[in-house]
Each structure stands twice: as structure tokens, then as C-alpha cells.
>>> print(open('target16.pdb').read())   # PDB, C-alpha atoms
ATOM      1  CA  MET A  26      24.826  10.471 -33.227
ATOM      2  CA  THR A  27      28.436  11.499 -33.717
ATOM      3  CA  SER A  28      30.982  12.128 -31.004
ATOM      4  CA  GLY A  29      30.414  15.477 -29.342
ATOM      5  CA  GLU A  30      26.745  15.713 -30.279
ATOM      6  CA  ARG A  31      24.134  15.791 -27.562
ATOM      7  CA  GLU A  32      20.764  14.160 -27.737
ATOM      8  CA  THR A  33      17.928  16.574 -26.989
ATOM      9  CA  HIS A  34      14.336  15.990 -25.970
ATOM     10  CA  GLU A  35      11.495  18.458 -25.634
ATOM     11  CA  CYS A  36       8.878  18.108 -22.932
ATOM     12  CA  ASP A  37       6.443  20.118 -20.866
ATOM     13  CA  VAL A  38       7.401  18.351 -17.633
ATOM     14  CA  LEU A  39      10.756  16.848 -16.742
ATOM     15  CA  VAL A  40      10.581  14.358 -13.881
ATOM     16  CA  VAL A  41      13.891  13.472 -12.276
ATOM     17  CA  GLY A  42      13.651  10.105 -10.551
ATOM     18  CA  SER A  43      11.225   7.239 -11.008
ATOM     19  CA  GLY A  44      10.164   6.582  -7.450
ATOM     20  CA  CYS A  45       6.576   6.797  -6.281
ATOM     21  CA  ALA A  46       6.522  10.604  -6.228
ATOM     22  CA  GLY A  47       8.184  11.002  -9.607
ATOM     23  CA  LEU A  48       6.007   8.488 -11.408
ATOM     24  CA  SER A  49       2.880   9.880  -9.724
ATOM     25  CA  ALA A  50       3.782  13.342 -11.000
ATOM     26  CA  ALA A  51       4.457  11.955 -14.473
ATOM     27  CA  VAL A  52       1.132  10.109 -14.659
ATOM     28  CA  THR A  53      -0.789  13.138 -13.398
ATOM     29  CA  ALA A  54       0.899  15.513 -15.857
ATOM     30  CA  GLY A  55       0.375  13.047 -18.713
ATOM     31  CA  HIS A  56      -3.291  12.707 -17.788
ATOM     32  CA  ARG A  57      -3.590  16.483 -18.160
ATOM     33  CA  GLY A  58      -2.214  16.288 -21.698
ATOM     34  CA  LEU A  59       1.331  17.404 -20.986
ATOM     35  CA  LYS A  60       4.343  15.817 -22.677
ATOM     36  CA  VAL A  61       6.378  14.169 -19.914
ATOM     37  CA  LEU A  62       9.939  12.898 -19.787
ATOM     38  CA  VAL A  63      11.055  10.755 -16.834
ATOM     39  CA  VAL A  64      14.799  10.381 -16.310
ATOM     40  CA  GLU A  65      16.343   7.897 -13.903
ATOM     41  CA  LYS A  66      20.024   7.476 -13.023
ATOM     42  CA  GLU A  67      19.681   3.794 -12.134
ATOM     43  CA  PRO A  68      19.291   1.000 -14.715
ATOM     44  CA  VAL A  69      15.817   0.135 -13.358
ATOM     45  CA  PHE A  70      12.772   2.216 -12.482
ATOM     46  CA  GLY A  71      11.263   2.543  -9.034
ATOM     47  CA  GLY A  72      13.821   4.298  -6.866
ATOM     48  CA  THR A  73      13.646   3.418  -3.193
ATOM     49  CA  SER A  74       9.902   2.870  -3.635
ATOM     50  CA  ALA A  75      10.734  -0.350  -5.482
ATOM     51  CA  ARG A  76      12.354  -1.662  -2.297
ATOM     52  CA  SER A  77       9.806  -0.425   0.220
ATOM     53  CA  GLY A  78       6.828  -2.277   1.585
ATOM     54  CA  GLY A  79       4.667   0.025  -0.491
ATOM     55  CA  TRP A  80       2.401   1.260   2.313
ATOM     56  CA  LEU A  81       0.780   4.692   2.161
ATOM     57  CA  TRP A  82      -0.772   6.353   5.234
ATOM     58  CA  ILE A  83      -3.948   7.958   3.880
ATOM     59  CA  PRO A  84      -6.687   8.699   6.444
ATOM     60  CA  ALA A  85     -10.269   8.386   5.169
ATOM     61  CA  SER A  86      -9.087   6.929   1.858
ATOM     62  CA  PRO A  87     -11.513   5.579  -0.743
ATOM     63  CA  PRO A  88     -10.602   1.938   0.121
ATOM     64  CA  ALA A  89     -11.240   2.679   3.819
ATOM     65  CA  ARG A  90     -14.581   4.307   3.064
ATOM     66  CA  ARG A  91     -15.605   1.325   0.900
ATOM     67  CA  ALA A  92     -14.717  -0.986   3.795
ATOM     68  CA  GLY A  93     -16.772   1.072   6.244
ATOM     69  CA  VAL A  94     -13.800   2.274   8.322
ATOM     70  CA  ASP A  95     -14.958   4.950  10.774
ATOM     71  CA  ASP A  96     -12.336   7.632  10.104
ATOM     72  CA  SER A  97     -12.204  11.292   9.182
ATOM     73  CA  ALA A  98      -9.771  14.064   8.401
ATOM     74  CA  GLU A  99     -10.649  15.585  11.777
ATOM     75  CA  LYS A 100      -9.597  12.434  13.673
ATOM     76  CA  ALA A 101      -6.373  12.201  11.683
ATOM     77  CA  ARG A 102      -5.651  15.886  12.311
ATOM     78  CA  ILE A 103      -5.970  15.315  16.074
ATOM     79  CA  TYR A 104      -3.599  12.363  15.811
ATOM     80  CA  LEU A 105      -1.026  14.299  13.785
ATOM     81  CA  GLN A 106      -1.223  17.300  16.090
ATOM     82  CA  HIS A 107      -0.619  15.056  19.094
ATOM     83  CA  GLU A 108       2.223  13.144  17.424
ATOM     84  CA  THR A 109       4.077  16.144  16.000
ATOM     85  CA  GLY A 110       3.688  18.443  19.003
ATOM     86  CA  PRO A 111       5.443  21.785  18.464
ATOM     87  CA  HIS A 112       6.306  20.797  14.876
ATOM     88  CA  PHE A 113       2.642  20.640  13.841
ATOM     89  CA  ASN A 114       2.003  22.666  10.680
ATOM     90  CA  ALA A 115      -1.743  23.104  10.320
ATOM     91  CA  ALA A 116      -1.695  24.322   6.714
ATOM     92  CA  ARG A 117       0.411  21.406   5.497
ATOM     93  CA  VAL A 118      -1.531  18.828   7.494
ATOM     94  CA  ASP A 119      -4.866  20.174   6.301
ATOM     95  CA  ALA A 120      -3.678  20.208   2.688
ATOM     96  CA  TYR A 121      -2.506  16.597   2.999
ATOM     97  CA  LEU A 122      -5.696  15.400   4.652
ATOM     98  CA  GLU A 123      -7.789  17.089   1.971
ATOM     99  CA  HIS A 124      -5.794  16.043  -1.079
ATOM    100  CA  ALA A 125      -4.348  12.599  -0.269
ATOM    101  CA  PRO A 126      -7.710  10.770  -0.530
ATOM    102  CA  LYS A 127      -8.401  12.662  -3.769
ATOM    103  CA  ALA A 128      -5.062  11.466  -5.162
ATOM    104  CA  VAL A 129      -5.952   7.848  -4.352
ATOM    105  CA  ASP A 130      -9.304   8.322  -6.061
ATOM    106  CA  PHE A 131      -7.587   9.865  -9.115
ATOM    107  CA  PHE A 132      -5.280   6.867  -9.531
ATOM    108  CA  GLU A 133      -8.077   4.343  -9.024
ATOM    109  CA  GLN A 134     -10.330   6.121 -11.529
ATOM    110  CA  ASN A 135      -7.737   6.959 -14.196
ATOM    111  CA  THR A 136      -5.120   4.203 -14.101
ATOM    112  CA  ALA A 137      -4.886   0.463 -13.562
ATOM    113  CA  VAL A 138      -3.586   1.070 -10.011
ATOM    114  CA  LYS A 139      -5.801  -0.395  -7.312
ATOM    115  CA  PHE A 140      -5.165   0.012  -3.606
ATOM    116  CA  ASP A 141      -5.728  -2.603  -0.922
ATOM    117  CA  LEU A 142      -6.706  -1.575   2.572
ATOM    118  CA  GLY A 143      -4.459  -2.682   5.429
ATOM    119  CA  PRO A 144      -7.238  -3.079   8.000
ATOM    120  CA  PHE A 145      -4.867  -4.327  10.702
ATOM    121  CA  VAL A 146      -1.930  -2.000  10.014
ATOM    122  CA  SER A 147      -2.211   0.395  12.935
ATOM    123  CA  ASP A 148      -1.026   3.946  13.351
ATOM    124  CA  TYR A 149       2.377   4.033  15.062
ATOM    125  CA  HIS A 150       0.652   4.987  18.303
ATOM    126  CA  PRO A 151      -2.935   3.741  17.952
ATOM    127  CA  THR A 152      -3.919   4.669  21.524
ATOM    128  CA  SER A 153      -2.874   8.319  21.112
ATOM    129  CA  PRO A 154      -5.655  10.879  20.670
ATOM    130  CA  GLY A 155      -7.095  10.406  17.173
ATOM    131  CA  GLY A 156      -5.068   7.203  16.658
ATOM    132  CA  MET A 157      -6.515   4.072  15.089
ATOM    133  CA  PRO A 158      -5.736   0.361  15.323
ATOM    134  CA  GLY A 159      -6.031   0.018  11.539
ATOM    135  CA  GLY A 160      -7.695   1.267   8.387
ATOM    136  CA  ARG A 161      -5.486   4.185   7.419
ATOM    137  CA  SER A 162      -2.767   2.308   5.560
ATOM    138  CA  ILE A 163      -3.226   1.202   1.985
TER     139      ILE A 163
END
>>> encode(input="target16.pdb", output="C-alpha cells")
Amino acid sequence: MTSGERETHECDVLVVGSGCAGLSAAVTAGHRGLKVLVVEKEPVFGGTSARSGGWLWIPASPPARRAGVDDSAEKARIYLQHETGPHFNAARVDAYLEHAPKAVDFFEQNTAVKFDLGPFVSDYHPTSPGGMPGGRSI
């Protein structure tokens, strides 16, 4: 490439950032046959996800169900409604509780990603209505 020329790339989906959300979007789009380009400003991939503990709070997840954890979207909804008070957004909470376990299942079925259950990682307030002493974190 000569000075002044710009490199171009064509894609169906441009993902900006390579953290958990960005790479999840890239994998999902790629699985659906779309041409994906991930761009990252840092010299390594992972974003802040690479520095986190890596825990996800997913009520009634496939790993929890396999372990026999007694949980449900209804219990988690009660917990979230109690914890968020006047900021509770039923549509967003219901969408999350419906789709988050499906996302875990998608990654376990279609990628090499496997999730481990954190059976003793409690909700922030496990004694609150709908709270649990463990089994929602993976």
C-alpha cells in the first residue's frame, strides 16, 4: 500500500471492540453465515472482559438445570423487581430472562465454549425475595 491509500474491507457485520459482547455478536453473526469483521483499538483482544472474573448472572441456565438447581425465570424476576425497585423495567427483564439461557445453550451447542456453574456464588442479596444462595452464576 502506498502513502495516502486506505485499506478497505467489506463485511456484513462490523463489530467494534473485542470484549465479551463484541465477540459474542461476532460468533453469532458468523454462525448465521454473515461475513464479520472485528476491530479492536488495543494490541490484544478481550477488552475489559479479559480482566474480569468472567462471571455471568444467568438464572435457570443450562448448567444450573443440569445440576438440578431449583430456579426459574419467575423467581429471578421477583428478585430483580425487588432489587431494582422503581427502576424495574418489566419488558427488558423478561427479555433477558427468556433469552439469556438460550444464549448460553447456543454457545455450548455451537462453539467450544463450556460454562461452569458457580453453585456457591450467591446473588448479591440472597435473602431478598426471589434471591438465591447460589446457582445463578456461571
>>> resolve_selection(input="target16.pdb", expression="the PyMOL selection byres ((chain A and resi 133-148) around 12)", output="JSON, numbers by chain")
{"A": [49, 52, 53, 55, 56, 57, 78, 79, 80, 81, 82, 83, 84, 85, 86, 87, 88, 89, 90, 91, 92, 93, 94, 95, 101, 104, 105, 108, 126, 127, 128, 129, 130, 131, 132, 149, 150, 151, 152, 153, 154, 155, 156, 157, 158, 159, 160, 161, 162, 163]}
>>> closest_residue(input="target16.pdb", among="A:Ala46, A:Ala54, A:Ile103, A:Val41", to="Glu67 in chain A", atoms="only C-alpha atoms")
A:Val41
>>> atom_distance(input="target16.pdb", atom1="CA of Leu62 in chain A", atom2="CA of Thr27 in chain A")
23.2 Å
>>> closest_residue(input="target16.pdb", among="A:Lys60, A:Arg117, A:Ser28, A:Cys36", to="Arg102 in chain A", atoms="all atoms listed in the file")
A:Arg117
>>> atom_distance(input="target16.pdb", atom1="CA of Ala75 in chain A", atom2="CA of Leu59 in chain A")
25.4 Å
>>> closest_residue(input="target16.pdb", among="A:Glu30, A:Val61, A:Phe70, A:Pro111", to="Gly42 in chain A", atoms="only C-alpha atoms")
A:Phe70
>>> atom_distance(input="target16.pdb", atom1="CA of Asp96 in chain A", atom2="CA of Leu48 in chain A")
28.3 Å
>>> closest_residue(input="target16.pdb", among="A:Ala98, A:Asp37, A:Gly58, A:Gly29", to="His124 in chain A", atoms="only C-alpha atoms")
A:Ala98
>>> build_atoms(input="target16.pdb", residues="range 55-77 of chain A", atoms="N, CA and C atoms", output="PDB file, in the frame of the given file")
ATOM      1  N   GLY A  55       0.784  13.681 -17.463  1.00  0.00           N
ATOM      2  CA  GLY A  55       0.375  13.047 -18.713  1.00  0.00           C
ATOM      3  C   GLY A  55      -1.134  13.003 -18.861  1.00  0.00           C
ATOM      4  N   HIS A  56      -1.820  12.740 -17.764  1.00  0.00           N
ATOM      5  CA  HIS A  56      -3.291  12.707 -17.788  1.00  0.00           C
ATOM      6  C   HIS A  56      -3.862  14.074 -18.172  1.00  0.00           C
ATOM      7  N   ARG A  57      -3.151  15.116 -17.836  1.00  0.00           N
ATOM      8  CA  ARG A  57      -3.590  16.483 -18.160  1.00  0.00           C
ATOM      9  C   ARG A  57      -3.131  16.934 -19.547  1.00  0.00           C
ATOM     10  N   GLY A  58      -2.577  15.993 -20.316  1.00  0.00           N
ATOM     11  CA  GLY A  58      -2.214  16.288 -21.698  1.00  0.00           C
ATOM     12  C   GLY A  58      -0.828  16.868 -21.896  1.00  0.00           C
ATOM     13  N   LEU A  59      -0.018  16.871 -20.857  1.00  0.00           N
ATOM     14  CA  LEU A  59       1.331  17.404 -20.986  1.00  0.00           C
ATOM     15  C   LEU A  59       2.296  16.327 -21.474  1.00  0.00           C
ATOM     16  N   LYS A  60       3.320  16.736 -22.202  1.00  0.00           N
ATOM     17  CA  LYS A  60       4.343  15.817 -22.677  1.00  0.00           C
ATOM     18  C   LYS A  60       5.375  15.673 -21.558  1.00  0.00           C
ATOM     19  N   VAL A  61       5.569  14.436 -21.099  1.00  0.00           N
ATOM     20  CA  VAL A  61       6.378  14.169 -19.914  1.00  0.00           C
ATOM     21  C   VAL A  61       7.608  13.348 -20.287  1.00  0.00           C
ATOM     22  N   LEU A  62       8.723  13.690 -19.668  1.00  0.00           N
ATOM     23  CA  LEU A  62       9.939  12.898 -19.787  1.00  0.00           C
ATOM     24  C   LEU A  62      10.402  12.542 -18.379  1.00  0.00           C
ATOM     25  N   VAL A  63      10.546  11.239 -18.120  1.00  0.00           N
ATOM     26  CA  VAL A  63      11.055  10.755 -16.834  1.00  0.00           C
ATOM     27  C   VAL A  63      12.492  10.301 -17.057  1.00  0.00           C
ATOM     28  N   VAL A  64      13.412  10.820 -16.245  1.00  0.00           N
ATOM     29  CA  VAL A  64      14.799  10.381 -16.310  1.00  0.00           C
ATOM     30  C   VAL A  64      15.164   9.729 -14.984  1.00  0.00           C
ATOM     31  N   GLU A  65      15.950   8.677 -15.086  1.00  0.00           N
ATOM     32  CA  GLU A  65      16.343   7.897 -13.903  1.00  0.00           C
ATOM     33  C   GLU A  65      17.817   7.551 -14.031  1.00  0.00           C
ATOM     34  N   LYS A  66      18.580   7.758 -12.971  1.00  0.00           N
ATOM     35  CA  LYS A  66      20.024   7.476 -13.023  1.00  0.00           C
ATOM     36  C   LYS A  66      20.337   5.990 -12.922  1.00  0.00           C
ATOM     37  N   GLU A  67      19.450   5.227 -12.323  1.00  0.00           N
ATOM     38  CA  GLU A  67      19.681   3.794 -12.134  1.00  0.00           C
ATOM     39  C   GLU A  67      19.229   3.017 -13.375  1.00  0.00           C
ATOM     40  N   PRO A  68      19.680   1.790 -13.535  1.00  0.00           N
ATOM     41  CA  PRO A  68      19.291   1.000 -14.715  1.00  0.00           C
ATOM     42  C   PRO A  68      17.859   0.464 -14.640  1.00  0.00           C
ATOM     43  N   VAL A  69      17.205   0.597 -13.501  1.00  0.00           N
ATOM     44  CA  VAL A  69      15.817   0.135 -13.358  1.00  0.00           C
ATOM     45  C   VAL A  69      14.986   1.259 -12.756  1.00  0.00           C
ATOM     46  N   PHE A  70      13.691   1.216 -13.025  1.00  0.00           N
ATOM     47  CA  PHE A  70      12.772   2.216 -12.482  1.00  0.00           C
ATOM     48  C   PHE A  70      12.323   1.831 -11.084  1.00  0.00           C
ATOM     49  N   GLY A  71      11.881   2.800 -10.325  1.00  0.00           N
ATOM     50  CA  GLY A  71      11.263   2.543  -9.034  1.00  0.00           C
ATOM     51  C   GLY A  71      11.905   3.245  -7.862  1.00  0.00           C
ATOM     52  N   GLY A  72      13.155   3.630  -7.981  1.00  0.00           N
ATOM     53  CA  GLY A  72      13.821   4.298  -6.866  1.00  0.00           C
ATOM     54  C   GLY A  72      13.725   3.479  -5.593  1.00  0.00           C
ATOM     55  N   THR A  73      13.757   4.150  -4.463  1.00  0.00           N
ATOM     56  CA  THR A  73      13.646   3.418  -3.193  1.00  0.00           C
ATOM     57  C   THR A  73      12.235   2.863  -2.997  1.00  0.00           C
ATOM     58  N   SER A  74      11.265   3.405  -3.735  1.00  0.00           N
ATOM     59  CA  SER A  74       9.902   2.870  -3.635  1.00  0.00           C
ATOM     60  C   SER A  74       9.842   1.413  -4.070  1.00  0.00           C
ATOM     61  N   ALA A  75      10.722   1.032  -4.988  1.00  0.00           N
ATOM     62  CA  ALA A  75      10.734  -0.350  -5.482  1.00  0.00           C
ATOM     63  C   ALA A  75      11.185  -1.322  -4.398  1.00  0.00           C
ATOM     64  N   ARG A  76      11.862  -0.803  -3.373  1.00  0.00           N
ATOM     65  CA  ARG A  76      12.354  -1.662  -2.297  1.00  0.00           C
ATOM     66  C   ARG A  76      11.528  -1.553  -1.019  1.00  0.00           C
ATOM     67  N   SER A  77      10.593  -0.642  -0.997  1.00  0.00           N
ATOM     68  CA  SER A  77       9.806  -0.425   0.220  1.00  0.00           C
ATOM     69  C   SER A  77       8.667  -1.433   0.294  1.00  0.00           C
TER      70      SER A  77
END
